[in-house]
$ cat query_31.tsv   # TSV, C-alpha atoms
chain	number	residue	atom	x	y	z
L	987	MET	CA	38.60	130.12	54.53
L	988	GLU	CA	39.07	132.11	51.33
L	989	GLU	CA	42.85	131.95	51.21
L	990	LYS	CA	44.30	128.76	49.76
L	991	ILE	CA	46.32	126.76	52.28
L	992	CYS	CA	49.53	124.81	51.77
L	993	PHE	CA	50.35	122.51	54.69
L	994	VAL	CA	54.04	121.57	54.96
L	995	ILE	CA	55.00	118.14	56.27
L	996	MET	CA	58.62	117.94	57.45
L	997	GLY	CA	60.90	117.74	60.45
L	998	PHE	CA	62.15	120.82	62.29
L	999	GLY	CA	65.72	121.99	62.88
L	1000	LYS	CA	68.74	119.75	62.34
L	1001	LYS	CA	68.01	116.11	61.65
L	1002	THR	CA	70.36	113.16	61.06
L	1003	ASP	CA	69.65	110.33	58.65
L	1004	LEU	CA	70.85	107.37	60.73
L	1005	SER	CA	71.28	105.17	57.64
L	1006	ASP	CA	74.10	107.29	56.21
L	1007	GLY	CA	75.03	109.77	58.96
L	1008	VAL	CA	74.10	112.91	56.99
L	1009	THR	CA	72.83	115.81	59.13
L	1010	ILE	CA	70.93	118.69	57.52
L	1011	ASP	CA	69.17	121.80	58.79
L	1012	LEU	CA	65.57	121.39	57.61
L	1013	ASP	CA	64.65	124.90	58.75
L	1014	LYS	CA	66.89	126.18	55.96
L	1015	THR	CA	64.87	124.16	53.43
L	1016	TYR	CA	61.65	125.65	54.76
L	1017	GLN	CA	62.98	129.19	54.93
L	1018	ASN	CA	64.93	129.27	51.65
L	1019	ILE	CA	62.86	127.03	49.36
L	1020	ILE	CA	59.41	125.97	50.52
L	1021	LYS	CA	57.91	129.04	52.18
L	1022	PRO	CA	58.93	131.59	49.51
L	1023	SER	CA	57.74	129.27	46.70
L	1024	VAL	CA	54.38	128.77	48.35
L	1025	THR	CA	53.72	132.39	49.29
L	1026	GLU	CA	54.78	133.64	45.84
L	1027	SER	CA	52.26	131.18	44.37
L	1028	GLY	CA	49.44	132.81	46.34
L	1029	TYR	CA	49.04	130.24	49.13
L	1030	LYS	CA	49.14	130.61	52.89
L	1031	CYS	CA	52.08	128.46	54.00
L	1032	VAL	CA	51.58	126.56	57.26
L	1033	ARG	CA	54.03	124.21	58.93
L	1034	ALA	CA	52.91	122.11	61.89
L	1035	ASP	CA	54.84	124.28	64.35
L	1036	GLU	CA	52.99	127.39	63.15
L	1037	ILE	CA	49.56	126.28	64.32
L	1038	GLN	CA	48.05	127.93	67.38
L	1039	ASP	CA	45.77	125.40	69.05
L	1040	ASN	CA	44.41	125.25	72.57
L	1041	GLY	CA	44.54	121.46	72.54
L	1042	LEU	CA	46.92	118.95	71.02
L	1043	ILE	CA	48.46	119.95	67.70
L	1044	ASP	CA	47.30	116.62	66.22
L	1045	ARG	CA	43.70	117.83	65.82
L	1046	SER	CA	44.68	120.77	63.62
L	1047	MET	CA	47.30	118.71	61.82
L	1048	TYR	CA	44.82	116.03	60.69
L	1049	ALA	CA	42.32	118.67	59.58
L	1050	LEU	CA	44.98	120.38	57.47
L	1051	ILE	CA	46.27	117.11	56.02
L	1052	LEU	CA	42.71	116.34	54.88
L	1053	LYS	CA	41.56	119.79	53.82
L	1054	ALA	CA	44.63	121.75	52.69
L	1055	ASP	CA	44.56	122.76	49.03
L	1056	LEU	CA	48.20	121.71	48.73
L	1057	VAL	CA	50.64	119.62	50.79
L	1058	ILE	CA	54.41	119.71	50.37
L	1059	ALA	CA	56.16	116.84	52.16
L	1060	ASP	CA	59.92	116.96	52.72
L	1061	ILE	CA	60.97	113.40	53.58
L	1062	SER	CA	64.70	114.17	53.98
L	1063	THR	CA	66.33	112.01	56.70
L	1064	PHE	CA	63.11	109.93	56.64
L	1065	ASN	CA	61.67	111.45	59.77
L	1066	PRO	CA	59.01	108.91	60.92
L	1067	ASN	CA	56.46	111.63	61.73
L	1068	ALA	CA	56.81	113.15	58.26
L	1069	LEU	CA	56.47	109.75	56.56
L	1070	TYR	CA	53.39	108.91	58.64
L	1071	GLU	CA	51.74	112.26	57.85
L	1072	LEU	CA	52.50	111.79	54.15
L	1073	GLY	CA	50.83	108.37	54.35
L	1074	VAL	CA	47.73	109.93	55.90
L	1075	ARG	CA	47.63	112.55	53.13
L	1076	HIS	CA	47.83	109.86	50.45
L	1077	ALA	CA	44.98	108.02	52.17
L	1078	VAL	CA	42.62	111.00	52.35
L	1079	LYS	CA	43.48	113.06	49.25
L	1080	PRO	CA	43.94	111.76	45.70
L	1081	TYR	CA	45.89	114.78	44.42
L	1082	SER	CA	47.71	118.06	45.25
L	1083	THR	CA	50.68	116.55	47.13
L	1084	ILE	CA	54.31	117.32	46.24
L	1085	ILE	CA	57.17	115.28	47.73
L	1086	ILE	CA	60.75	116.57	47.97
L	1087	LYS	CA	63.94	115.36	49.65
L	1088	ALA	CA	67.61	116.26	49.97
L	1089	GLU	CA	69.50	114.06	47.52
L	1090	SER	CA	72.28	113.54	50.09
L	1091	THR	CA	69.98	111.43	52.29
L	1092	SER	CA	69.49	107.74	51.64
L	1093	LYS	CA	67.33	105.74	49.25
L	1094	ILE	CA	63.60	106.41	49.01
L	1095	PRO	CA	61.52	103.80	50.92
L	1096	PHE	CA	59.99	101.02	48.83
L	1097	ASP	CA	56.36	102.05	49.42
L	1098	ILE	CA	56.87	105.42	47.70
L	1099	ASP	CA	59.81	104.72	45.38
L	1100	HIS	CA	57.40	104.73	42.40
L	1101	VAL	CA	55.98	108.14	43.34
L	1102	ARG	CA	57.58	111.28	41.86
L	1103	VAL	CA	60.01	112.79	44.36
L	1104	PHE	CA	61.89	116.01	43.57
L	1105	SER	CA	65.44	116.17	44.93
L	1106	TYR	CA	67.53	119.17	45.93
L	1107	LYS	CA	71.12	119.61	47.09
L	1108	HIS	CA	71.52	120.50	50.76
L	1109	LEU	CA	74.92	121.46	52.16
L	1110	GLY	CA	74.06	120.43	55.71
L	1111	GLU	CA	74.21	123.84	57.39
L	1112	ASP	CA	72.60	125.73	54.51
L	1113	ILE	CA	71.54	125.60	50.86
L	1114	GLY	CA	73.36	127.36	48.04
L	1115	VAL	CA	71.70	130.38	46.41
L	1116	ASP	CA	71.67	128.80	42.94
L	1117	GLU	CA	70.12	125.60	44.27
L	1118	SER	CA	67.50	127.54	46.25
L	1119	ASN	CA	66.54	129.50	43.14
L	1120	ARG	CA	66.37	126.32	41.03
L	1121	MET	CA	64.10	124.56	43.49
L	1122	LYS	CA	61.86	127.60	43.99
L	1123	LYS	CA	61.34	127.80	40.24
L	1124	LEU	CA	60.56	124.06	40.06
L	1125	LEU	CA	58.13	124.16	43.00
L	1126	LYS	CA	56.27	127.16	41.64
L	1127	GLU	CA	55.87	125.36	38.29
L	1128	LYS	CA	54.47	122.27	40.06
L	1129	ILE	CA	52.10	124.41	42.16
L	1130	ALA	CA	50.89	126.18	39.00
L	1131	ASN	CA	50.18	122.78	37.40
L	1132	ILE	CA	48.16	121.73	40.45
L	1133	ASP	CA	46.20	125.00	40.25
L	1134	GLY	CA	45.39	124.20	36.62
L	1135	VAL	CA	44.41	120.56	36.27
L	1136	PRO	CA	45.26	118.49	39.37
L	1137	ILE	CA	46.78	115.12	38.53
L	1138	LYS	CA	46.20	112.12	40.80
L	1139	ASP	CA	49.41	111.68	42.81
L	1140	SER	CA	48.27	109.37	45.62
L	1141	PRO	CA	49.20	105.71	45.06
L	1142	VAL	CA	46.24	104.73	47.26
L	1143	TYR	CA	43.71	106.32	44.88
L	1144	GLU	CA	45.71	105.20	41.87
L	1145	TYR	CA	45.38	101.52	42.79
L	1146	LEU	CA	41.96	101.62	44.53
L	1147	LYS	CA	39.89	103.18	41.75
L	1148	THR	CA	36.54	103.16	43.58
L	1149	LEU	CA	37.82	104.64	46.85
L	1150	THR	CA	35.81	107.63	48.06
L	1151	GLN	CA	37.63	110.62	49.50
L	1152	PRO	CA	36.58	111.49	53.09
L	1153	THR	CA	35.22	114.97	53.78
L	1154	ILE	CA	35.07	117.39	56.67
L	1155	ASP	CA	32.45	120.08	57.22
L	1156	ASP	CA	33.78	123.54	56.31
L	1157	ASN	CA	32.59	125.08	59.57
L	1158	GLU	CA	34.26	122.32	61.61
L	1159	TYR	CA	37.44	122.86	59.61
L	1160	LYS	CA	37.42	126.60	60.30
L	1161	ASP	CA	36.85	125.91	63.99
L	1162	ILE	CA	39.68	123.38	64.18
L	1163	VAL	CA	42.26	125.41	62.32
L	1164	GLY	CA	41.34	128.55	64.22
L	1165	ILE	CA	43.68	131.51	64.02
L	1166	LEU	CA	47.17	130.86	62.72
L	1167	ALA	CA	49.90	131.91	65.13
L	1168	GLU	CA	51.21	135.44	65.03
L	1169	LYS	CA	54.67	135.48	63.52
L	1170	ASN	CA	56.45	136.25	66.80
L	1171	GLU	CA	54.70	133.39	68.59
L	1172	CYS	CA	55.20	130.49	66.19
L	1173	LEU	CA	57.91	127.94	66.85
L	1174	PHE	CA	59.73	128.76	63.65
L	1175	ALA	CA	60.10	132.39	64.68
L	1176	LEU	CA	61.23	131.37	68.18
L	1177	THR	CA	63.93	129.08	66.82
L	1178	GLU	CA	65.16	131.63	64.29
L	1179	LYS	CA	65.50	134.20	67.07
L	1180	ALA	CA	67.40	131.69	69.22
L	1181	LYS	CA	69.79	130.87	66.37
L	1182	SER	CA	70.41	134.55	65.75
L	1183	LEU	CA	71.32	135.09	69.41
L	1184	MET	CA	73.66	132.09	69.34
L	1185	GLN	CA	75.52	133.60	66.39
L	1186	GLU	CA	76.13	136.65	68.58
L	1187	TYR	CA	77.45	134.55	71.49
L	1188	LYS	CA	74.29	135.40	73.46
L	1189	PHE	CA	73.69	131.87	74.68
L	1190	LYS	CA	72.03	132.98	77.92
L	1191	GLU	CA	69.49	135.06	76.00
L	1192	ALA	CA	68.88	132.19	73.53
L	1193	ILE	CA	67.94	129.83	76.36
L	1194	LYS	CA	64.51	131.39	76.94
L	1195	TYR	CA	63.57	130.93	73.27
L	1196	TRP	CA	64.64	127.27	73.20
L	1197	LYS	CA	62.68	126.77	76.44
L	1198	ARG	CA	59.55	128.22	74.88
L	1199	ALA	CA	60.07	126.12	71.75
L	1200	SER	CA	60.49	122.90	73.76
L	1201	GLU	CA	57.41	123.73	75.85
L	1202	LYS	CA	55.33	124.25	72.70
L	1203	ASN	CA	56.51	120.98	71.15
L	1204	THR	CA	57.61	118.57	73.87
L	1205	ASN	CA	58.17	115.73	71.38
L	1206	GLU	CA	60.91	117.49	69.39
L	1207	PRO	CA	64.42	116.49	70.58
L	1208	TYR	CA	66.16	119.22	68.57
L	1209	TYR	CA	64.82	121.97	70.84
L	1210	ILE	CA	65.97	120.08	73.96
L	1211	GLN	CA	69.40	119.53	72.44
L	1212	GLN	CA	69.81	123.23	71.63
L	1213	LEU	CA	68.59	124.20	75.10
L	1214	ALA	CA	71.26	121.95	76.66
L	1215	LEU	CA	73.92	123.34	74.30
L	1216	CYS	CA	73.15	126.96	75.20
L	1217	THR	CA	72.98	126.07	78.90
L	1218	TYR	CA	76.57	124.85	79.05
L	1219	LYS	CA	77.92	127.28	76.44
L	1220	GLN	CA	76.82	130.46	78.22
L	1221	ASN	CA	79.56	132.71	79.50
L	1222	VAL	CA	79.73	132.35	83.30
L	1223	ILE	CA	82.41	132.69	85.96
L	1224	ASP	CA	84.58	129.62	86.63
L	1225	GLU	CA	82.82	128.89	89.94
L	1226	GLU	CA	79.48	128.46	88.12
L	1227	LYS	CA	80.64	126.38	85.15
L	1228	GLU	CA	80.15	122.99	86.81
L	1229	MET	CA	76.64	123.91	87.91
L	1230	TYR	CA	75.58	124.83	84.38
L	1231	LEU	CA	77.20	121.74	82.90
L	1232	ASN	CA	75.18	119.59	85.29
L	1233	ASP	CA	72.07	121.60	84.42
L	1234	ALA	CA	72.69	120.73	80.76
L	1235	LEU	CA	72.95	117.02	81.64
L	1236	ARG	CA	69.63	117.20	83.48
L	1237	ILE	CA	68.03	118.79	80.41
L	1238	LEU	CA	69.31	115.89	78.29
L	1239	ASP	CA	67.71	113.43	80.75
L	1240	ASP	CA	64.51	113.98	78.74
L	1241	LEU	CA	66.32	112.24	75.86
L	1242	ARG	CA	67.71	109.33	77.90
L	1243	ASP	CA	66.12	106.81	75.51
L	1244	SER	CA	67.35	108.62	72.40
L	1245	ASN	CA	69.70	107.00	69.88
L	1246	ASP	CA	70.38	110.33	68.17
L	1247	PRO	CA	74.15	110.85	67.59
L	1248	GLU	CA	73.68	114.54	68.40
L	1249	THR	CA	72.49	113.68	71.92
L	1250	PHE	CA	75.48	111.41	72.54
L	1251	GLY	CA	77.78	114.09	71.16
L	1252	LEU	CA	76.35	116.71	73.52
L	1253	ARG	CA	76.72	114.42	76.55
L	1254	GLY	CA	80.28	113.65	75.49
L	1255	ALA	CA	81.09	117.36	75.22
L	1256	ILE	CA	79.61	118.07	78.66
L	1257	TYR	CA	81.50	115.25	80.38
L	1258	LYS	CA	84.69	116.30	78.60
L	1259	ARG	CA	84.32	119.79	80.07
L	1260	LEU	CA	83.45	118.41	83.50
L	1261	SER	CA	86.64	116.37	83.40
L	1262	LYS	CA	88.71	119.41	82.50
L	1263	ILE	CA	87.38	121.73	85.22
L	1264	ASN	CA	87.77	118.94	87.81
L	1265	ASN	CA	91.52	118.58	87.33
L	1266	ASP	CA	91.23	116.08	84.45
L	1267	ASN	CA	88.94	113.76	86.39
L	1268	LEU	CA	89.17	110.30	84.79
L	1269	SER	CA	85.65	109.29	85.77
L	1270	TYR	CA	84.15	112.16	83.79
L	1271	LEU	CA	86.55	111.49	80.92
L	1272	ASP	CA	85.42	107.85	80.79
L	1273	ARG	CA	81.80	109.01	80.55
L	1274	ALA	CA	82.77	111.35	77.72
L	1275	ILE	CA	84.45	108.43	75.93
L	1276	GLU	CA	81.39	106.22	76.49
L	1277	ASN	CA	79.05	108.76	74.89
L	1278	TYR	CA	81.36	109.68	72.04
L	1279	GLU	CA	81.85	105.97	71.29
L	1280	LYS	CA	78.09	105.41	71.10
L	1281	GLY	CA	77.62	108.40	68.82
L	1282	TYR	CA	80.54	107.42	66.60
L	1283	MET	CA	79.42	103.80	66.26
L	1284	LEU	CA	75.88	104.84	65.29
L	1285	ASN	CA	76.85	106.66	62.10
L	1286	TYR	CA	80.65	107.10	62.10
L	1287	ASP	CA	80.20	110.85	62.28
L	1288	PHE	CA	83.56	112.47	61.56
L	1289	TYR	CA	83.31	115.26	64.13
L	1290	THR	CA	82.25	112.85	66.87
L	1291	GLY	CA	85.10	110.54	65.86
L	1292	GLU	CA	87.65	113.33	66.24
L	1293	ASN	CA	86.32	114.18	69.70
L	1294	LEU	CA	86.55	110.51	70.63
L	1295	ALA	CA	90.15	110.39	69.39
L	1296	TYR	CA	90.94	113.50	71.44
L	1297	CYS	CA	89.54	111.84	74.59
L	1298	TYR	CA	91.63	108.74	73.89
L	1299	ASP	CA	94.73	110.95	73.61
L	1300	LYS	CA	93.78	112.71	76.83
L	1301	LYS	CA	93.35	109.43	78.68
L	1302	SER	CA	96.66	108.14	77.32
L	1303	PHE	CA	98.31	111.30	78.60
L	1304	LEU	CA	96.78	110.96	82.09
L	1305	LEU	CA	97.34	107.24	82.68
L	1306	GLU	CA	100.47	105.96	84.39
L	1307	GLU	CA	100.37	102.31	83.28
L	1308	ASN	CA	102.41	102.10	80.08
L	1309	GLU	CA	100.40	99.40	78.24
L	1310	GLU	CA	97.15	101.32	78.70
L	1311	LYS	CA	98.82	104.55	77.58
L	1312	ILE	CA	99.93	102.82	74.39
L	1313	TYR	CA	96.49	101.24	73.85
L	1314	TYR	CA	94.58	104.56	73.95
L	1315	LYS	CA	97.18	106.36	71.84
L	1316	ILE	CA	96.89	103.65	69.16
L	1317	GLN	CA	93.07	103.82	69.29
L	1318	ALA	CA	93.19	107.58	68.70
L	1319	LYS	CA	95.63	107.13	65.83
L	1320	LYS	CA	93.46	104.47	64.16
L	1321	ILE	CA	90.33	106.64	64.29
L	1322	ARG	CA	92.09	109.64	62.77
L	1323	GLU	CA	93.73	107.55	60.06
L	1324	LYS	CA	90.33	106.11	59.13
L	1325	ILE	CA	88.69	109.54	59.02
L	1326	TYR	CA	91.65	110.97	57.09
L	1327	LYS	CA	91.39	108.24	54.44
L	1328	ILE	CA	87.61	108.54	54.00
L	1329	LEU	CA	87.61	112.32	53.81
L	1330	SER	CA	90.64	112.45	51.51
L	1331	GLU	CA	88.78	110.29	49.01
L	1332	LYS	CA	85.57	112.28	49.45
L	1333	PHE	CA	87.24	115.66	48.89
L	1334	GLU	CA	89.17	114.29	45.91
L	1335	LEU	CA	86.14	112.83	44.13
L	1336	GLU	CA	83.39	115.34	44.95
L	1337	ASP	CA	82.80	119.03	44.50
L	1338	ARG	CA	83.31	120.53	47.98
L	1339	SER	CA	80.51	123.05	47.42
L	1340	LYS	CA	78.02	120.15	47.11
L	1341	ILE	CA	79.09	118.13	50.16
L	1342	PRO	CA	76.68	118.25	53.15
L	1343	ASN	CA	78.23	119.36	56.47
L	1344	ILE	CA	81.34	120.61	54.65
L	1345	LYS	CA	82.08	123.03	57.50
L	1346	TRP	CA	82.59	120.44	60.23
L	1347	MET	CA	84.06	117.93	57.82
L	1348	SER	CA	86.73	120.52	57.01
L	1349	ALA	CA	87.41	121.11	60.73
L	1350	THR	CA	87.77	117.38	61.37
L	1351	TYR	CA	89.87	116.82	58.27
L	1352	ALA	CA	92.21	119.67	59.26
L	1353	ILE	CA	92.94	118.04	62.62
L	1354	CYS	CA	93.39	114.62	61.01
L	1355	CYS	CA	95.81	116.14	58.48
L	1356	TYR	CA	97.82	117.76	61.27
L	1357	THR	CA	98.07	114.51	63.23
L	1358	CYS	CA	99.00	112.60	60.05
L	1359	ASN	CA	101.78	115.15	59.41
L	1360	GLU	CA	100.02	116.72	56.41
L	1361	ILE	CA	100.52	120.22	57.82
L	1362	GLU	CA	99.94	122.23	54.64
L	1363	MET	CA	96.71	120.37	53.86
L	1364	GLY	CA	95.58	120.82	57.47
L	1365	TYR	CA	96.14	124.56	57.22
L	1366	LYS	CA	94.14	124.68	53.98
L	1367	TYR	CA	91.10	122.95	55.45
L	1368	GLU	CA	91.31	124.84	58.73
L	1369	ASN	CA	90.89	128.03	56.71
L	1370	ILE	CA	87.96	126.52	54.77
L	1371	PHE	CA	86.29	125.73	58.10
L	1372	LYS	CA	86.97	129.20	59.52
L	1373	SER	CA	85.54	130.87	56.41
L	1374	MET	CA	82.16	129.26	57.17
L	1375	ALA	CA	82.16	129.04	60.98
L	1376	LYS	CA	80.71	131.32	63.63
L	1377	GLU	CA	83.06	132.94	66.13
L	1378	TRP	CA	82.18	130.60	68.98
L	1379	GLU	CA	82.68	127.58	66.70
L	1380	ILE	CA	86.15	128.85	65.75
L	1381	ASP	CA	86.96	129.37	69.43
L	1382	THR	CA	85.93	125.77	70.18
L	1383	PHE	CA	88.12	124.50	67.34
L	1384	GLU	CA	91.13	126.58	68.41
L	1385	GLU	CA	90.81	125.48	72.04
L	1386	GLN	CA	90.78	121.79	71.16
L	1387	LYS	CA	93.58	122.21	68.61
L	1388	LYS	CA	95.79	123.89	71.23
L	1389	GLU	CA	95.06	121.19	73.81
L	1390	LEU	CA	95.82	118.47	71.26
L	1391	GLU	CA	99.17	120.09	70.47
L	1392	GLN	CA	100.01	119.88	74.16
L	1393	LEU	CA	98.90	116.25	74.45
L	1394	LEU	CA	100.93	115.19	71.41
L	1395	ASN	CA	103.85	117.50	72.25
L	1396	THR	CA	103.84	119.06	68.78
L	1397	ASN	CA	102.93	122.26	66.91
L	1398	PHE	CA	100.36	122.40	64.12
L	1399	ASN	CA	101.14	125.98	63.06
L	1400	TYR	CA	101.72	125.88	59.31
L	1401	GLY	CA	104.14	128.81	59.22
L	1402	LYS	CA	106.38	127.25	61.86
L	1403	ASN	CA	106.59	123.92	60.10
L	1404	LEU	CA	107.92	125.07	56.70
$ encode --input "query_31.tsv" --output "structure tokens"
Amino acid sequence: MEEKICFVIMGFGKKTDLSDGVTIDLDKTYQNIIKPSVTESGYKCVRADEIQDNGLIDRSMYALILKADLVIADISTFNPNALYELGVRHAVKPYSTIIIKAESTSKIPFDIDHVRVFSYKHLGEDIGVDESNRMKKLLKEKIANIDGVPIKDSPVYEYLKTLTQPTIDDNEYKDIVGILAEKNECLFALTEKAKSLMQEYKFKEAIKYWKRASEKNTNEPYYIQQLALCTYKQNVIDEEKEMYLNDALRILDDLRDSNDPETFGLRGAIYKRLSKINNDNLSYLDRAIENYEKGYMLNYDFYTGENLAYCYDKKSFLLEENEEKIYYKIQAKKIREKIYKILSEKFELEDRSKIPNIKWMSATYAICCYTCNEIEMGYKYENIFKSMAKEWEIDTFEEQKKELEQLLNTNFNYGKNL
């Protein structure tokens, strides 16, 4: 293979670091930083989901980890697959490996904390233009250095001086790697098309792309989560809504053993909707609360916490027994006060443009401000959220805000509260 190959080790889609609750879109890192840096440096850039292989992807993956001229490993959120693949690379190749991570995710694991890791600032949903340009420049400089005189970067070969690097026959390598996927067939292209359709409210059309993505990589929960989301978000007549909500739950059955906060959040959202269309059914509402509680306790995600508080308020509103009504109302109040305090300090001490997940943090903070009678501040952060959100996300926010006003018998409209 005449063209130099860079194999990219990283997770796909949105991933949450369970140690600190930060969620980032790794596809944005690949699209905005890694791939342009690599291609502009004269390499063919290959991520695991871009390999066309008749058998299991593992065969091609191991061949590329061993043989690729360059490997870039993004260990953000400490995805176990990415860390394992990086370990394999260090074991089979003494040099030509670059490690990067989003600085918002937690501390580097002990085994590689003495290895050079280049950090970048990720905003959760996207990466700023200036930061993308900075990292592209840095990566291209590092790639140029590797092209010149490769420096040993594997701790395995650094400590075991007499270790011999394994080899693979060139013909076997060519046979294993085969033909790289056409652009419109690779998983990355499928997911980008699905995301584009979701931005246009075309959830029904996006479903087929998430299905194809999940079929190509059955071990990736992100594709299943997005398939479930589009299934219950699609625009259907009222008589069909319950059917599609139950379809979404069945899709999430594939993740029944998952401890991912996103999965719990999706189940909570589905049960919340099932409760609403079934005349505020308490059984469904309790299931929504159960899932939101699990998601919130895992990483104290602010958006999940606000949804949990909403469900508490809803249950308080529906119950007849006075002590229980008071209990759930107090629980909702405590959650919002906690979120309000944490986010107030965060927004006061940090540059908003550098905070991961600023969009949904702003949405959550706006609601917490409203319920804590900080109407002007709530209005400010609602507008920050809306300036970054897609139309369907704004609709979701407005719907819940209106319902919360009814539950609390108040009005959050800034203009009417002056």
$ atom_distance --input "query_31.tsv" --atom1 "CA of Leu1012 (chain L)" --atom2 "CA of Lys1366 (chain L)"
29.0 Å
$ closest_residue --input "query_31.tsv" --among "L:Ser1062, L:Tyr1270, L:Asn1119, L:Ile1129" --to "Gly1028 (chain L)" --atoms "only C-alpha atoms"
L:Ile1129
$ residues_around --input "query_31.tsv" --residues "Glu1089 (chain L)" --least-positions-apart "3" --cutoff "10 Å" --atoms "only C-alpha atoms" --output "list in words"
Ser1062, Thr1063, Ile1086, Ser1092, Lys1093, Ile1094, Phe1104, Ser1105, Tyr1106, Lys1107 and His1108 of chain L
$ residues_around --input "query_31.tsv" --residues "Glu1368 (chain L)" --least-positions-apart "3" --cutoff "7 Å" --atoms "only C-alpha atoms" --output "MDAnalysis selection string"
chainID L and resid 1348:1349 1352 1364:1365 1371:1372
$ residues_around --input "query_31.tsv" --residues "region 1202-1209 of chain L" --least-positions-apart "6" --cutoff "7 Å" --atoms "all atoms listed in the file" --output "CSV table (one decimal) with C-alpha atoms, keeping the file's coordinate frame"
chain,number,residue,atom,x,y,z
L,999,GLY,CA,65.7,122.0,62.9
L,1000,LYS,CA,68.7,119.8,62.3
L,1196,TRP,CA,64.6,127.3,73.2
$ residues_around --input "query_31.tsv" --residues "Asp1266 (chain L)" --least-positions-apart "6" --cutoff "10 Å" --atoms "all atoms listed in the file" --output "ChimeraX atom specification"
/L:1258-1260,1300-1301,1304
$ atom_distance --input "query_31.tsv" --atom1 "CA of Gln1317 (chain L)" --atom2 "CA of Ile1361 (chain L)"
21.4 Å
$ atom_distance --input "query_31.tsv" --atom1 "CA of Tyr1257 (chain L)" --atom2 "CA of Leu1271 (chain L)"
6.3 Å
$ closest_residue --input "query_31.tsv" --among "L:Gln1212, L:Cys1358, L:Leu1072, L:Lys1320" --to "Thr1177 (chain L)" --atoms "all atoms listed in the file"
L:Gln1212
$ residues_around --input "query_31.tsv" --residues "Val1074 (chain L)" --least-positions-apart "3" --cutoff "12 Å" --atoms "all atoms listed in the file" --output "list in words"
Ile995, Met1047, Tyr1048, Ala1049, Leu1050, Ile1051, Leu1052, Lys1053, Val1057, Ala1059, Asn1067, Ala1068, Leu1069, Tyr1070, Glu1071, Ala1077, Val1078, Lys1079, Pro1080, Thr1083, Ser1140, Pro1141, Val1142, Gln1151 and Pro1152 of chain L
